[in-house]
Amino acid sequence: MSFHPPEPFRIKMVEPIHLIDKPEREKALKRAGYNIFGLNSDEVFIDLLTDSGTGAMSQDQWSGIMVGDESYAGARSYHRLTDVMNEIFGFKHFVPTHQGRAAENILCAVILKEGQYVPSNMHFDTTEGNIRARGGRPTNLVCQEAFDVSPDIPFKGNMDLDKLEEFINKVGPENIPLGMITITNNAGGGQPVSMKNLRGVSKIYRKYKIPFFIDACRFAENSYFIKLREPGYQDKSPLEIAQEIFSLADGATMSAKKDAIVNIGGFLATNDSELFEKVKSDCILREGFITYGGLAGRDLDAIAIGLREGLQEDYLAYRLGQTAYLASELKKIGIPVIEPAGGHAVYINAGELLPHIPQPEFPGQALSVEMYREGAIRSVELGSVAFAYPDPDSGEMIYPELDLVRLALPRRTYTQSHLDYVVEVMARIYKDKDKLSGYQIVKQPKLMRHFSAVFEPI
Ligand SMILES: Cc1ncc(COP(=O)(O)O)c(C=O)c1O
C-alpha cells in the first residue's frame, strides 16, 4: 500500500507528552538497567511498546461509558454488547472476560486435558502459556512463507494445510480437543490469514470433528487485509468479511484491547451449548457473573461501540496505511524492515542493521536502547533477549533466526508527524550505527527474562 490516508478523526482531547532531555534519558536508562520495561511512561516521548489497550477511545465510546449500566446481572450494557456480538460474530453464546488471556484460561479449563494437543498457525504467548498450564501441548503449523523475507507474499499468517492434516493424523483427532488460528498472526509479525486458508482450516477441523476456535484479537485488521489483497473481496465490507470468517468457526477468544479499541476487556464465544454450560460455571468462578465477566457495565458499552468502529473502512485504511507508511519510510533511509508490514506493528531487522554486534551481545537490545537514548522512543526487542534459550541437553544457547525490534502502533493515538519523528530519529541512529555496541545481561529471572533482565553496555 503506497497511499497513506490521513487520520479519519480530529483531536478534541489531548494527553500531553514531553521529550525529556538527553542527560535525563541517560539517567533513566541507567536506573532501568537498560531495560525499556523499567522506564516510566513520563520518561517516554513516543511509546510503541504495544498496541494492546493503548488505543484512544472515540467520543461515542466515552459517551457509552456514561450510560453504562452497572447492574450485577442482565445489565442493559450486556444486551447492547450482545446485539453487536450477534451481528459481527454470530456465535450462539459468549461471556465477557477482563482480557484475552482470561478467555483463554476459561477455554483451556473446560476443554483441555493433560497431554492433549492444540494446533494453530502460531499461538500467542498467553495462549501458549494457558495451554501449557493445563498440561496441553500447543503446536504451531504456520506456512513456510512466514519465514520468507520476500515482500510480495500477501498472507504470511496462513496455516500450512498439509502439515495440519498430517499432524492430526499423526497424533490422532481424539487427542485434539480444539484447533485454533490467530488472526492476524501476532507472533509472526501481525501477518494476515486469507479467507481461502481459513476455509481450508475449517474444512479440515470439521472433517475430524475438532472444534475450531479463532483467536480474534485483530479480526478487523485481518478482514481489511482480505479486502485489499484477496481476489473476490474488493467489493465486500470489512463487516461482511468478518461475518464470513466467523461463520467458518465454532467459537472465538478475543482480547478487546486490540480491534475493539478499548483499554480493557475480552470475550469467549462458542456455538456449543453443552460446552457453554461449563464456560458459565468457570466464568462465574474466575471472572464474575456471565453478563459482566470481570468488567464494569461501562466497559461493555465501550467494547460494543469499539467493535463497530474497528470495522469502519476509513479507519482501517488509515490504520493499515500507518504501519505501511512507517515501514516504507524506514526502508527509504536504509533501515531493514520485515515486509509487507503487518497490521499493528513494524518490525526492524536489528541483526541485519547491526551485523557487527553478535547475537550473544543482543543487537535488538542495542537498537531498542539507542532508540530511547536518541529520541525517547520505546520499542520492544523480540530477538535473542526474548527468545534465546539453553539447550536442555547441552546447555548451549540456541538463538532465534532473527533479532527483531518491534514498533507497535497504538490505535488512533499517534499522528503522521509522530511517525515522521520516529523516522528522523532512526535516520540519526543509522548514520552512526557502526559505533553502537552490544549489551550483556548481569541479572535475569528464570522465565520471560526480557521483562525484567538487567543489562550493562559492553
Ligand atoms: C494474538 C493475541 N492473543 C491473545 C492475547 C492476549 O490478550 P490480553 O493481553 O488481553 O490478555 C494477545 C495480546 O497481546 C494477542 O496479541
# chains A, B, ... in the order shown; residues from 1 in each chain; ligands from 1
>>> residues_around(residues="A:Phe362", least_positions_apart="5", cutoff="9 Å", atoms="only C-alpha atoms", output="ChimeraX atom specification")
/A:351,357,367,381,383-385,403,438-440
>>> write_last_selection(atoms="C-alpha atoms", output="PDB file, in the first residue's frame")
ATOM      1  CA  GLY A 351      20.584  -8.268  13.254  1.00  0.00           C
ATOM      2  CA  ILE A 357      27.012  -6.972  17.150  1.00  0.00           C
ATOM      3  CA  LEU A 367      18.905  -0.795  18.882  1.00  0.00           C
ATOM      4  CA  GLU A 381      13.242  -6.275  21.473  1.00  0.00           C
ATOM      5  CA  GLY A 383      15.143 -11.440  19.404  1.00  0.00           C
ATOM      6  CA  SER A 384      17.894 -13.070  21.406  1.00  0.00           C
ATOM      7  CA  VAL A 385      16.850 -11.454  24.703  1.00  0.00           C
ATOM      8  CA  ASP A 403      16.882 -10.342  16.047  1.00  0.00           C
ATOM      9  CA  GLY A 438      26.168  -4.623  22.417  1.00  0.00           C
ATOM     10  CA  TYR A 439      24.887  -5.440  25.907  1.00  0.00           C
ATOM     11  CA  GLN A 440      25.418  -8.156  28.459  1.00  0.00           C
TER      12      GLN A 440
END
>>> residues_around(residues="A:His18", least_positions_apart="5", cutoff="12 Å", atoms="only C-alpha atoms", output="PyMOL selection string")
chain A and resi 25+41-47+375-377
>>> write_last_selection(atoms="N, CA and C atoms", output="PDB file, in the first residue's frame")
ATOM      1  N   ARG A  25      17.483  11.199  29.935  1.00  0.00           N
ATOM      2  CA  ARG A  25      17.197   9.889  29.325  1.00  0.00           C
ATOM      3  C   ARG A  25      18.299   8.901  29.693  1.00  0.00           C
ATOM      4  N   SER A  41       6.375   5.869  32.087  1.00  0.00           N
ATOM      5  CA  SER A  41       5.784   6.418  30.860  1.00  0.00           C
ATOM      6  C   SER A  41       6.110   7.903  30.701  1.00  0.00           C
ATOM      7  N   ASP A  42       6.314   8.616  31.829  1.00  0.00           N
ATOM      8  CA  ASP A  42       6.663  10.037  31.755  1.00  0.00           C
ATOM      9  C   ASP A  42       8.028  10.277  31.122  1.00  0.00           C
ATOM     10  N   GLU A  43       8.836   9.227  31.104  1.00  0.00           N
ATOM     11  CA  GLU A  43      10.180   9.364  30.541  1.00  0.00           C
ATOM     12  C   GLU A  43      10.204   9.035  29.042  1.00  0.00           C
ATOM     13  N   VAL A  44       9.038   8.619  28.533  1.00  0.00           N
ATOM     14  CA  VAL A  44       8.958   8.177  27.135  1.00  0.00           C
ATOM     15  C   VAL A  44       8.209   9.236  26.331  1.00  0.00           C
ATOM     16  N   PHE A  45       8.693   9.534  25.124  1.00  0.00           N
ATOM     17  CA  PHE A  45       8.013  10.508  24.263  1.00  0.00           C
ATOM     18  C   PHE A  45       7.020   9.803  23.331  1.00  0.00           C
ATOM     19  N   ILE A  46       7.510   8.824  22.585  1.00  0.00           N
ATOM     20  CA  ILE A  46       6.628   8.061  21.684  1.00  0.00           C
ATOM     21  C   ILE A  46       6.673   6.606  22.148  1.00  0.00           C
ATOM     22  N   ASP A  47       5.548   6.089  22.609  1.00  0.00           N
ATOM     23  CA  ASP A  47       5.527   4.765  23.229  1.00  0.00           C
ATOM     24  C   ASP A  47       4.974   3.726  22.261  1.00  0.00           C
ATOM     25  N   GLY A 375      15.914   9.355  20.997  1.00  0.00           N
ATOM     26  CA  GLY A 375      14.665  10.076  20.759  1.00  0.00           C
ATOM     27  C   GLY A 375      13.548   9.800  21.752  1.00  0.00           C
ATOM     28  N   ALA A 376      13.880   9.126  22.884  1.00  0.00           N
ATOM     29  CA  ALA A 376      12.853   8.778  23.891  1.00  0.00           C
ATOM     30  C   ALA A 376      11.705   7.964  23.276  1.00  0.00           C
ATOM     31  N   ILE A 377      12.056   7.119  22.305  1.00  0.00           N
ATOM     32  CA  ILE A 377      11.072   6.228  21.681  1.00  0.00           C
ATOM     33  C   ILE A 377      11.180   4.866  22.366  1.00  0.00           C
TER      34      ILE A 377
END
>>> closest_atom_pairs(of="stretch 321-392 of chain A", to="stretch 139-160 of chain A", cutoff="10 Å", atoms="only C-alpha atoms", output="JSON lines")
{"residue": "A:Val337", "atom": "CA", "partner": "A:Val149", "partner_atom": "CA", "distance": 9.3}
{"residue": "A:Ile338", "atom": "CA", "partner": "A:Val149", "partner_atom": "CA", "distance": 6.6}
{"residue": "A:Glu339", "atom": "CA", "partner": "A:Pro151", "partner_atom": "CA", "distance": 4.5}
{"residue": "A:Pro340", "atom": "CA", "partner": "A:Pro151", "partner_atom": "CA", "distance": 4.9}
{"residue": "A:Ala341", "atom": "CA", "partner": "A:Pro151", "partner_atom": "CA", "distance": 8.6}
{"residue": "A:Gly342", "atom": "CA", "partner": "A:Lys156", "partner_atom": "CA", "distance": 9.5}
>>> write_last_selection(atoms="N, CA and C atoms", output="mmCIF file, in the first residue's frame")
data_model
loop_
_atom_site.group_PDB
_atom_site.id
_atom_site.type_symbol
_atom_site.label_atom_id
_atom_site.label_comp_id
_atom_site.auth_asym_id
_atom_site.auth_seq_id
_atom_site.Cartn_x
_atom_site.Cartn_y
_atom_site.Cartn_z
ATOM 1 N N VAL A 337 13.425 -3.625 7.251
ATOM 2 C CA VAL A 337 12.172 -3.961 7.952
ATOM 3 C C VAL A 337 11.573 -5.221 7.339
ATOM 4 N N ILE A 338 10.738 -5.896 8.132
ATOM 5 C CA ILE A 338 10.041 -7.079 7.611
ATOM 6 C C ILE A 338 8.897 -6.594 6.721
ATOM 7 N N GLU A 339 8.817 -7.174 5.515
ATOM 8 C CA GLU A 339 7.786 -6.754 4.558
ATOM 9 C C GLU A 339 6.954 -7.939 4.089
ATOM 10 N N PRO A 340 5.689 -7.708 3.693
ATOM 11 C CA PRO A 340 4.989 -6.450 3.850
ATOM 12 C C PRO A 340 4.742 -6.171 5.338
ATOM 13 N N ALA A 341 4.488 -4.893 5.665
ATOM 14 C CA ALA A 341 4.269 -4.533 7.068
ATOM 15 C C ALA A 341 3.052 -5.286 7.596
ATOM 16 N N GLY A 342 3.073 -5.624 8.864
ATOM 17 C CA GLY A 342 1.915 -6.270 9.494
ATOM 18 C C GLY A 342 0.825 -5.233 9.755
#
>>> residues_near_ligand(ligand="ligand 1", cutoff="7 Å", atoms="only C-alpha atoms and all ligand atoms", output="PyMOL selection string")
chain A and resi 52+99-102+124+126-127+182-183+185-186+215+217+254-257+265-266
>>> write_last_selection(atoms="N, CA and C atoms", output="CSV table (one decimal), in the first residue's frame")
chain,number,residue,atom,x,y,z
A,52,SER,N,-1.7,-3.0,22.6
A,52,SER,CA,-2.7,-3.6,23.4
A,52,SER,C,-3.2,-2.7,24.5
A,99,GLN,N,-9.8,-9.7,30.1
A,99,GLN,CA,-9.0,-9.5,28.9
A,99,GLN,C,-8.8,-10.9,28.2
A,100,GLY,N,-8.0,-10.9,27.1
A,100,GLY,CA,-8.0,-12.0,26.2
A,100,GLY,C,-7.5,-13.3,27.0
A,101,ARG,N,-6.5,-13.2,27.8
A,101,ARG,CA,-5.9,-14.4,28.4
A,101,ARG,C,-6.9,-15.0,29.4
A,102,ALA,N,-7.8,-14.2,29.9
A,102,ALA,CA,-8.9,-14.8,30.8
A,102,ALA,C,-9.8,-15.7,30.0
A,124,PHE,N,-0.2,-17.1,20.3
A,124,PHE,CA,0.4,-16.0,21.0
A,124,PHE,C,0.9,-16.5,22.4
A,126,THR,N,0.4,-15.8,25.5
A,126,THR,CA,-0.5,-16.1,26.6
A,126,THR,C,-1.3,-17.4,26.3
A,127,THR,N,-1.7,-17.6,25.0
A,127,THR,CA,-2.4,-18.8,24.6
A,127,THR,C,-1.6,-20.0,24.9
A,182,THR,N,-4.8,-17.9,14.7
A,182,THR,CA,-4.7,-16.5,15.3
A,182,THR,C,-4.8,-15.5,14.1
A,183,ILE,N,-5.7,-14.6,14.1
A,183,ILE,CA,-5.8,-13.6,13.1
A,183,ILE,C,-5.8,-12.2,13.7
A,185,ASN,N,-1.6,-12.9,12.7
A,185,ASN,CA,-0.7,-13.7,13.4
A,185,ASN,C,0.3,-12.8,14.1
A,186,ASN,N,0.0,-12.5,15.4
A,186,ASN,CA,0.8,-11.6,16.2
A,186,ASN,C,2.2,-12.1,16.3
A,215,ASP,N,-8.6,-17.1,17.5
A,215,ASP,CA,-8.1,-16.0,18.3
A,215,ASP,C,-8.3,-14.8,17.5
A,217,CYS,N,-8.2,-11.4,18.1
A,217,CYS,CA,-7.8,-10.1,18.6
A,217,CYS,C,-7.8,-9.0,17.5
A,254,MET,N,-11.1,-13.5,22.3
A,254,MET,CA,-10.7,-12.2,21.9
A,254,MET,C,-10.2,-11.3,23.0
A,255,SER,N,-9.1,-10.6,22.8
A,255,SER,CA,-8.7,-9.5,23.7
A,255,SER,C,-9.3,-8.2,23.0
A,256,ALA,N,-10.2,-7.6,23.7
A,256,ALA,CA,-10.9,-6.4,23.1
A,256,ALA,C,-9.9,-5.2,23.1
A,257,LYS,N,-8.8,-5.4,23.8
A,257,LYS,CA,-7.8,-4.3,23.8
A,257,LYS,C,-7.1,-4.0,22.5
A,265,GLY,N,-10.6,-5.5,28.5
A,265,GLY,CA,-11.8,-6.3,28.1
A,265,GLY,C,-11.4,-7.5,27.1
A,266,GLY,N,-12.4,-8.4,27.0
A,266,GLY,CA,-12.2,-9.5,26.1
A,266,GLY,C,-13.5,-10.3,26.1
>>> select_by_dssp(residues="stretch 163-232 of chain A", states="helix (DSSP H, G or I)", output="VMD selection string")
chain A and resid 163 to 171 173 to 175 186 to 188 195 to 207 219 to 229
>>> select_by_dssp(residues="stretch 149-362 of chain A", states="strand (DSSP E)", output="PyMOL selection string")
chain A and resi 179-182+212-215+251-255+266-270+345-349
>>> write_last_selection(atoms="N, CA and C atoms", output="tab-separated table (two decimals), in the first residue's frame")
chain	number	residue	atom	x	y	z
A	179	GLY	N	-8.98	-26.91	17.82
A	179	GLY	CA	-7.96	-26.38	16.92
A	179	GLY	C	-8.15	-24.88	16.84
A	180	MET	N	-7.06	-24.15	16.65
A	180	MET	CA	-7.16	-22.69	16.64
A	180	MET	C	-6.51	-22.09	15.41
A	181	ILE	N	-6.70	-20.78	15.22
A	181	ILE	CA	-5.89	-19.99	14.30
A	181	ILE	C	-5.91	-18.56	14.85
A	182	THR	N	-4.80	-17.85	14.73
A	182	THR	CA	-4.70	-16.49	15.25
A	182	THR	C	-4.75	-15.50	14.10
A	212	PHE	N	-13.36	-25.64	16.19
A	212	PHE	CA	-12.45	-24.63	15.61
A	212	PHE	C	-12.68	-23.29	16.30
A	213	PHE	N	-11.66	-22.83	17.04
A	213	PHE	CA	-11.73	-21.54	17.73
A	213	PHE	C	-10.74	-20.56	17.09
A	214	ILE	N	-11.23	-19.34	16.87
A	214	ILE	CA	-10.36	-18.31	16.29
A	214	ILE	C	-9.89	-17.36	17.40
A	215	ASP	N	-8.58	-17.11	17.47
A	215	ASP	CA	-8.07	-16.03	18.32
A	215	ASP	C	-8.27	-14.76	17.49
A	251	GLY	N	-16.18	-21.09	17.50
A	251	GLY	CA	-16.04	-20.22	18.67
A	251	GLY	C	-14.87	-19.28	18.49
A	252	ALA	N	-14.66	-18.41	19.48
A	252	ALA	CA	-13.54	-17.45	19.39
A	252	ALA	C	-13.15	-16.99	20.79
A	253	THR	N	-11.88	-16.60	20.90
A	253	THR	CA	-11.43	-15.84	22.07
A	253	THR	C	-10.99	-14.49	21.53
A	254	MET	N	-11.13	-13.45	22.34
A	254	MET	CA	-10.65	-12.16	21.86
A	254	MET	C	-10.20	-11.27	23.01
A	255	SER	N	-9.08	-10.61	22.79
A	255	SER	CA	-8.70	-9.50	23.65
A	255	SER	C	-9.26	-8.24	23.01
A	266	GLY	N	-12.37	-8.40	27.02
A	266	GLY	CA	-12.23	-9.52	26.10
A	266	GLY	C	-13.49	-10.34	26.12
A	267	PHE	N	-13.48	-11.47	25.40
A	267	PHE	CA	-14.63	-12.39	25.48
A	267	PHE	C	-14.24	-13.78	25.02
A	268	LEU	N	-15.11	-14.74	25.40
A	268	LEU	CA	-15.03	-16.11	24.90
A	268	LEU	C	-16.39	-16.43	24.32
A	269	ALA	N	-16.43	-16.89	23.07
A	269	ALA	CA	-17.70	-17.19	22.42
A	269	ALA	C	-17.68	-18.62	21.89
A	270	THR	N	-18.85	-19.25	21.87
A	270	THR	CA	-18.95	-20.62	21.35
A	270	THR	C	-20.36	-20.91	20.84
A	345	ALA	N	2.02	-3.46	13.63
A	345	ALA	CA	3.40	-3.18	14.03
A	345	ALA	C	4.35	-3.25	12.86
A	346	VAL	N	5.47	-2.56	13.03
A	346	VAL	CA	6.57	-2.64	12.07
A	346	VAL	C	7.74	-3.32	12.79
A	347	TYR	N	8.37	-4.24	12.10
A	347	TYR	CA	9.46	-5.00	12.72
A	347	TYR	C	10.77	-4.64	12.02
A	348	ILE	N	11.75	-4.14	12.80
A	348	ILE	CA	13.06	-3.81	12.24
A	348	ILE	C	13.99	-5.00	12.44
A	349	ASN	N	14.73	-5.34	11.39
A	349	ASN	CA	15.68	-6.44	11.48
A	349	ASN	C	17.01	-5.90	12.04
